[in-house]
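Q: I am sharing protein27.txt, which consists of compact mmCIF, C-alpha atoms:
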```
# COMPACT_ATOMS: atom_id res chain seq x y z
CA ILE A 10 -1.67 -255.35 -95.43
CA ILE A 11 1.22 -254.47 -93.11
CA ALA A 12 -1.02 -252.19 -91.03
CA THR A 13 -3.62 -254.95 -90.73
CA LEU A 14 -0.98 -257.47 -89.67
CA ILE A 15 0.32 -255.11 -86.98
CA ASP A 16 -3.19 -254.36 -85.69
CA SER A 17 -4.12 -258.05 -85.74
CA PHE A 18 -1.04 -258.84 -83.65
CA ILE A 19 -1.80 -255.99 -81.21
CA THR A 20 -5.35 -257.24 -80.60
CA GLY A 21 -4.99 -260.96 -81.25
CA VAL A 22 -2.12 -261.84 -78.92
CA PRO A 23 -3.65 -260.29 -75.77
CA VAL A 24 -7.08 -261.76 -76.54
CA PHE A 25 -5.61 -265.22 -77.00
CA LEU A 26 -3.45 -264.93 -73.87
CA PHE A 27 -6.23 -263.54 -71.64
CA PHE A 28 -9.23 -265.42 -73.01
CA GLY A 29 -8.06 -268.16 -75.33
CA PHE A 30 -6.61 -270.55 -72.81
CA GLY A 31 -9.62 -270.27 -70.52
CA ILE A 32 -12.29 -270.52 -73.20
CA MET A 33 -10.63 -273.32 -75.12
CA GLY A 34 -9.57 -275.11 -71.94
CA ALA A 35 -13.17 -275.15 -70.73
CA ALA A 36 -14.33 -276.42 -74.12
CA MET A 37 -11.68 -279.16 -74.18
CA THR A 38 -12.67 -280.45 -70.75
CA GLN A 39 -16.13 -281.20 -72.11
CA GLY A 40 -14.47 -283.15 -74.92
CA THR A 41 -17.20 -282.70 -77.53
CA ALA A 42 -17.01 -281.20 -80.98
CA GLU A 43 -19.90 -278.88 -80.12
CA ALA A 44 -18.02 -277.53 -77.12
CA MET A 45 -14.92 -276.88 -79.24
CA ILE A 46 -16.93 -275.11 -81.94
CA GLY A 47 -18.70 -273.08 -79.27
CA GLY A 48 -15.37 -272.17 -77.69
CA LEU A 49 -13.98 -271.04 -81.04
CA PHE A 50 -17.13 -268.99 -81.68
CA ILE A 51 -16.84 -267.27 -78.30
CA LEU A 52 -13.14 -266.59 -78.85
CA ALA A 53 -13.87 -265.13 -82.31
CA LEU A 54 -16.63 -262.96 -80.85
CA VAL A 55 -14.33 -261.65 -78.10
CA LEU A 56 -11.64 -260.90 -80.69
CA ALA A 57 -14.14 -259.06 -82.91
CA VAL A 58 -15.34 -256.90 -80.01
CA VAL A 59 -11.81 -256.10 -78.81
CA SER A 60 -10.69 -255.31 -82.37
CA ALA A 61 -13.66 -252.99 -82.90
CA ILE A 62 -13.05 -251.15 -79.62
CA TYR A 63 -9.35 -250.79 -80.47
CA ALA A 64 -9.99 -249.47 -83.99
CA ILE A 65 -12.80 -247.13 -82.95
CA SER A 66 -10.86 -245.63 -80.05
CA MET A 67 -7.69 -245.14 -82.12
CA GLU A 68 -9.35 -243.83 -85.31
CA ALA A 69 -11.65 -241.48 -83.35
CA SER A 70 -8.63 -239.98 -81.58
CA SER A 71 -6.67 -237.00 -82.86
CA LYS A 72 -4.28 -239.43 -84.61
CA GLN A 73 -7.10 -240.77 -86.86
CA ALA A 74 -5.24 -244.08 -87.13
CA THR A 75 -4.54 -247.35 -85.39
CA TRP A 76 -0.95 -248.17 -84.47
CA GLY A 77 -0.68 -250.28 -87.62
CA LYS A 78 -1.83 -247.38 -89.81
CA MET A 79 0.53 -245.01 -87.99
CA ALA A 80 3.42 -247.39 -88.69
CA VAL A 81 2.80 -247.14 -92.44
CA GLY A 82 1.89 -243.42 -92.44
CA ALA A 83 -1.84 -243.78 -93.12
CA ILE A 84 -4.90 -242.12 -91.59
CA VAL A 85 -8.67 -242.43 -91.89
CA VAL A 86 -10.41 -239.39 -93.41
CA ASP A 87 -13.95 -238.39 -94.31
CA LYS A 88 -15.24 -237.34 -97.72
CA ASP A 89 -13.73 -233.86 -97.31
CA GLY A 90 -10.30 -235.15 -96.28
CA GLY A 91 -10.91 -234.16 -92.66
CA LYS A 92 -11.42 -236.06 -89.47
CA PRO A 93 -14.40 -238.43 -89.71
CA GLY A 94 -17.19 -238.14 -87.18
CA PHE A 95 -17.50 -240.65 -84.38
CA GLY A 96 -20.57 -242.20 -86.01
CA ALA A 97 -18.68 -242.82 -89.26
CA ILE A 98 -15.82 -244.45 -87.37
CA VAL A 99 -18.23 -246.68 -85.44
CA LEU A 100 -20.08 -247.59 -88.65
CA ARG A 101 -16.79 -248.35 -90.45
CA ASN A 102 -15.50 -250.65 -87.71
CA THR A 103 -18.74 -252.45 -86.82
CA LEU A 104 -21.36 -252.86 -89.53
CA GLY A 105 -18.89 -252.02 -92.30
CA ARG A 106 -16.30 -254.56 -91.16
CA PHE A 107 -18.97 -257.17 -90.50
CA GLY A 108 -20.35 -256.73 -94.01
CA THR A 109 -16.88 -256.83 -95.51
CA ASN A 110 -15.89 -259.91 -93.55
CA ILE A 111 -18.97 -262.02 -94.32
CA ILE A 112 -18.46 -261.78 -98.08
CA PRO A 113 -16.44 -264.85 -99.10
CA PHE A 114 -12.83 -264.71 -100.27
CA TYR A 115 -12.20 -261.19 -98.90
CA ILE A 116 -13.98 -259.66 -101.90
CA GLY A 117 -14.97 -256.66 -99.77
CA TYR A 118 -11.28 -255.91 -99.27
CA PHE A 119 -10.08 -256.88 -102.74
CA MET A 120 -12.64 -254.56 -104.34
CA GLY A 121 -10.38 -251.74 -103.15
CA LEU A 122 -7.73 -252.93 -105.57
CA ALA A 123 -10.14 -252.52 -108.48
CA ARG A 124 -11.23 -249.00 -107.52
CA GLN A 125 -9.26 -245.89 -108.44
CA ASP A 126 -9.78 -244.43 -104.97
CA ARG A 127 -8.80 -247.77 -103.30
CA ARG A 128 -11.86 -247.69 -100.99
CA CYS A 129 -12.95 -251.06 -99.64
CA LEU A 130 -16.53 -251.98 -98.78
CA HIS A 131 -16.34 -250.83 -95.14
CA ASP A 132 -15.07 -247.42 -96.29
CA LEU A 133 -17.85 -247.13 -98.86
CA ILE A 134 -20.44 -247.96 -96.20
CA ALA A 135 -19.07 -245.34 -93.78
CA GLY A 136 -18.08 -242.64 -96.28
CA THR A 137 -14.44 -242.81 -95.23
CA MET A 138 -11.09 -243.52 -96.86
CA VAL A 139 -7.62 -244.50 -95.73
CA CYS A 140 -4.92 -242.37 -97.28
CA GLU A 141 -1.37 -241.24 -96.69
CA LYS A 142 -1.16 -238.74 -93.88
CA SER A 143 0.66 -236.21 -96.08
CA THR A 144 -1.98 -236.32 -98.85
CA ARG A 145 -5.16 -236.36 -96.78
CA ASN A 146 -6.59 -233.11 -98.16
CA LEU A 147 -5.93 -234.09 -101.77
CA ALA A 148 -7.38 -237.58 -101.49
CA TYR A 149 -11.00 -236.65 -102.00
CA GLU A 150 -10.79 -233.86 -104.54
CA SER A 151 -11.65 -236.08 -107.45
CA THR A 152 -13.43 -238.85 -105.53
CA PHE A 153 -16.45 -237.10 -104.05
CA ARG A 154 -16.72 -233.86 -105.99
```
Please express the file's structure as C-alpha cells.

A:
Amino acid sequence: IIATLIDSFITGVPVFLFFGFGIMGAAMTQGTAEAMIGGLFILALVLAVVSAIYAISMEASSKQATWGKMAVGAIVVDKDGGKPGFGAIVLRNTLGRFGTNIIPFYIGYFMGLARQDRRCLHDLIAGTMVCEKSTRNLAYESTFR
C-alpha cells in the first residue's frame, strides 16, 4: 500500500499540474455536466497512460521496481525469481492492471491477501510476483514448481 501511495503521488501530482488545470478549465468554461465528465475521463486516461509508462519503464529497468517499490524494498520477479521479460512487464501494467481495476471494490487487489503467494490478479495474468528484494530467488520455489 505504501509503495502504491508513493507511485500514485509521483505520477498523479505532475499529471494534475500539467494537464489537470487545462483539461478541467476547458471543461468548466463550457459549463455543462457532459463537458465536466468528459474532462474527468480525459484526465483519468492521461493518468492511466502516464502511470503505465512510469511502471513499465521502471520495472523493465535493472532495478525491477518503481520508486515506491524501491522505498519498501520490493521488486517484480518472474516465475523463476529472475527479471521478468519486457512483454510480461507490459502485460502486467496494461491489460493486467486494467482487468484488476475494472473489477469492483478492488477485488483484484484484495485477492492477493487470500493467496499464500500474495499474487494479485495483474500478477497472475502476467506470470509475475512482487517480493522482497532479498528473497527474490526463494519466492517461487513452492509457488510454480

Q: May I have the residues within 9 Å of A:Pro93 as a PDB file with C-alpha atoms, keeping the file's coordinate frame, using all atoms listed in the file and disregarding those fewer than 4 positions away in the same chain?

A:
```pdb
ATOM      1  CA  GLU A  68      -9.350-243.830 -85.310  1.00  0.00           C
ATOM      2  CA  ALA A  69     -11.650-241.480 -83.350  1.00  0.00           C
ATOM      3  CA  GLN A  73      -7.100-240.770 -86.860  1.00  0.00           C
ATOM      4  CA  VAL A  85      -8.670-242.430 -91.890  1.00  0.00           C
ATOM      5  CA  VAL A  86     -10.410-239.390 -93.410  1.00  0.00           C
ATOM      6  CA  ASP A  87     -13.950-238.390 -94.310  1.00  0.00           C
ATOM      7  CA  LYS A  88     -15.240-237.340 -97.720  1.00  0.00           C
ATOM      8  CA  ASP A  89     -13.730-233.860 -97.310  1.00  0.00           C
ATOM      9  CA  ALA A  97     -18.680-242.820 -89.260  1.00  0.00           C
ATOM     10  CA  ILE A  98     -15.820-244.450 -87.370  1.00  0.00           C
ATOM     11  CA  GLY A 136     -18.080-242.640 -96.280  1.00  0.00           C
ATOM     12  CA  THR A 137     -14.440-242.810 -95.230  1.00  0.00           C
TER      13      THR A 137
END
```

Q: Could you please give me, as a ChimeraX atom specification, the residues of protein, DNA or RNA lying at most 12 Å from (-10.8, -258.4, -100.3) in the coordinate frame of the file, considering all atoms listed in the file?

A: /A:10,106,108-124,127-131

Q: List the spatial neighbours of stretch 16-30 of chain A as a PyMOL selection string - criterion: any atom at most 12 Å away, all atoms listed in the file, same-chain residues fewer than 2 positions off excluded.

A: chain A and resi 10-14+32-38+45+48-64+67+74-81

Q: How would the residues just picked look written out with C-alpha atoms as a tab-separated table (two decimals), keeping the file's coordinate frame?

A:
```tsv
chain	number	residue	atom	x	y	z
A	10	ILE	CA	-1.67	-255.35	-95.43
A	11	ILE	CA	1.22	-254.47	-93.11
A	12	ALA	CA	-1.02	-252.19	-91.03
A	13	THR	CA	-3.62	-254.95	-90.73
A	14	LEU	CA	-0.98	-257.47	-89.67
A	32	ILE	CA	-12.29	-270.52	-73.20
A	33	MET	CA	-10.63	-273.32	-75.12
A	34	GLY	CA	-9.57	-275.11	-71.94
A	35	ALA	CA	-13.17	-275.15	-70.73
A	36	ALA	CA	-14.33	-276.42	-74.12
A	37	MET	CA	-11.68	-279.16	-74.18
A	38	THR	CA	-12.67	-280.45	-70.75
A	45	MET	CA	-14.92	-276.88	-79.24
A	48	GLY	CA	-15.37	-272.17	-77.69
A	49	LEU	CA	-13.98	-271.04	-81.04
A	50	PHE	CA	-17.13	-268.99	-81.68
A	51	ILE	CA	-16.84	-267.27	-78.30
A	52	LEU	CA	-13.14	-266.59	-78.85
A	53	ALA	CA	-13.87	-265.13	-82.31
A	54	LEU	CA	-16.63	-262.96	-80.85
A	55	VAL	CA	-14.33	-261.65	-78.10
A	56	LEU	CA	-11.64	-260.90	-80.69
A	57	ALA	CA	-14.14	-259.06	-82.91
A	58	VAL	CA	-15.34	-256.90	-80.01
A	59	VAL	CA	-11.81	-256.10	-78.81
A	60	SER	CA	-10.69	-255.31	-82.37
A	61	ALA	CA	-13.66	-252.99	-82.90
A	62	ILE	CA	-13.05	-251.15	-79.62
A	63	TYR	CA	-9.35	-250.79	-80.47
A	64	ALA	CA	-9.99	-249.47	-83.99
A	67	MET	CA	-7.69	-245.14	-82.12
A	74	ALA	CA	-5.24	-244.08	-87.13
A	75	THR	CA	-4.54	-247.35	-85.39
A	76	TRP	CA	-0.95	-248.17	-84.47
A	77	GLY	CA	-0.68	-250.28	-87.62
A	78	LYS	CA	-1.83	-247.38	-89.81
A	79	MET	CA	0.53	-245.01	-87.99
A	80	ALA	CA	3.42	-247.39	-88.69
A	81	VAL	CA	2.80	-247.14	-92.44
```

Q: Just give me the gap between atom CA of A:Asp132 and atom CA of A:Ser71 in Å, one decimal is fine.

A: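 We find that atom CA of A:Asp132 and atom CA of A:Ser71 lie 19.0 Å from each other.
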
Q: Just give me the gap between atom CA of A:Gly96 and atom CA of A:Leu133 in Å, one decimal is fine.

A: 14.0 Å

Q: Give, as lines of an AutoDock Vina configuration file, the centre coordinates and the x, y and z edge lengths in Å to one decimal for an axis-aligned box around all listed atoms of stretch 127-142 of chain A, padded by 8 Å on each side.

A:
```
center_x = -10.8
center_y = -245.4
center_z = -98.5
size_x = 35.3
size_y = 29.2
size_z = 25.5
```

Q: Atom CA of A:Leu100 to atom CA of A:Ile46: how many Å, to one decimal?

A: 28.5 Å

Q: Taking only C-alpha atoms into account, which of A:Ser66, A:Asp126, A:Lys72, A:Gly90 comes nearest A:Asn102?

A: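 Of all the options, A:Ser66 lies closest to A:Asn102.
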
Q: From the set A:Val99, A:Ile15, A:Ala83, A:Leu104, which residue has the shortest atom-to-atom contact distance to A:Lys142, counting all atoms listed in the file?

A: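 For A:Lys142, the nearest of the candidates is A:Ala83.
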